[in-house]
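A short worksheet on the structure shown next.
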Amino acid sequence: MFGLTGIRAGKPAHAVGANLTVIVQGKSRIYGTLGDTRCTVDSLTQRAARRPRRLSGGGARFCTQPAHAIRGDGDVLVSTFEFAGLVNYQTDEQ
């Protein structure tokens, strides 16, 4: 799960800061970057999805520093990965 800063609905983006949360399936382990300074999205593409007011998006990203355990010790480094899925925009008006 991640959040991106400074993107606009329907517009491509490059070199965008990202806040990353890693949830380990089947374990009670959660890791987070706790901000958008450790991970970057190289490129983001967006296109209209089948449902109104929805966009689908995808891109590639990398992290330069690890995500630390939210509780307890440990960290995980997600060096690179690609993603695709629905984009959810939240504003103060919603």
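Chain labels A, B, ... are given in the sequence in which chains occur in the structure tokens; within each chain residues are numbered consecutively from 1, and ligands are likewise numbered from 1 in the order shown.
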Just the residues within 9 Å of A:Ala67, please, counting only C-alpha atoms, with nothing from its chain fewer than 4 positions along; format it as a PDB file with C-alpha atoms, in the first residue's frame.
ATOM      1  CA  LEU A  20       5.176   2.925   1.414  1.00  0.00           C
ATOM      2  CA  THR A  21       3.494   0.528   3.858  1.00  0.00           C
ATOM      3  CA  VAL A  22       4.355  -3.193   3.651  1.00  0.00           C
ATOM      4  CA  TYR A  31       6.610  -1.873   7.915  1.00  0.00           C
ATOM      5  CA  GLY A  32       6.415   1.771   6.857  1.00  0.00           C
ATOM      6  CA  THR A  33       8.594   4.493   5.417  1.00  0.00           C
ATOM      7  CA  LEU A  34       6.691   7.066   7.531  1.00  0.00           C
ATOM      8  CA  ARG A  38      12.562   7.273   1.043  1.00  0.00           C
ATOM      9  CA  CYS A  63      13.197   2.975  -2.507  1.00  0.00           C
ATOM     10  CA  GLY A  74      13.441  -4.898  11.866  1.00  0.00           C
ATOM     11  CA  ASP A  75      13.179  -3.334   8.477  1.00  0.00           C
ATOM     12  CA  VAL A  76      12.621  -4.287   4.854  1.00  0.00           C
ATOM     13  CA  LEU A  77      14.110  -2.702   1.748  1.00  0.00           C
ATOM     14  CA  VAL A  78      11.911  -2.707  -1.345  1.00  0.00           C
TER      15      VAL A  78
END
Neighbour list for A:Phe81 as a PyMOL selection string, cut-off 8 Å, only C-alpha atoms, skip fewer than 3 positions in-chain: chain A and resi 60-62+78
So, with only C-alpha atoms as the atoms that count, which of A:Met1, A:Ile7, A:Ala48, A:Ile23 lies closest to A:Ala69? A:Ile23
I'd like to know which residues of chain A are strand (DSSP E or B) (by DSSP, run on the backbone); could you write them as a VMD selection string? chain A and resid 2 to 4 13 to 24 29 to 32 39 to 48 55 to 63 67 to 69 75 to 76 80 to 87
Which residue of A:Arg50, A:Val24, A:Thr45, A:Cys39 approaches A:Thr80 most closely, using only C-alpha atoms: A:Cys39
Report the distance between atom CA of A:Ser28 and atom CA of A:Val41 in Å, rounded to one decimal place.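 Atom CA of A:Val41 lies 27.0 Å from atom CA of A:Ser28.
You can rank A:Lys27, A:His14, A:Arg47, A:Arg8 by their closest distance to A:Ala84 using only C-alpha atoms, and at the top of that list sits A:Arg47.
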Which value, in Å to one decimal, gives the distance between atom CA of A:Thr40 and atom CA of A:Asp73? 24.2 Å
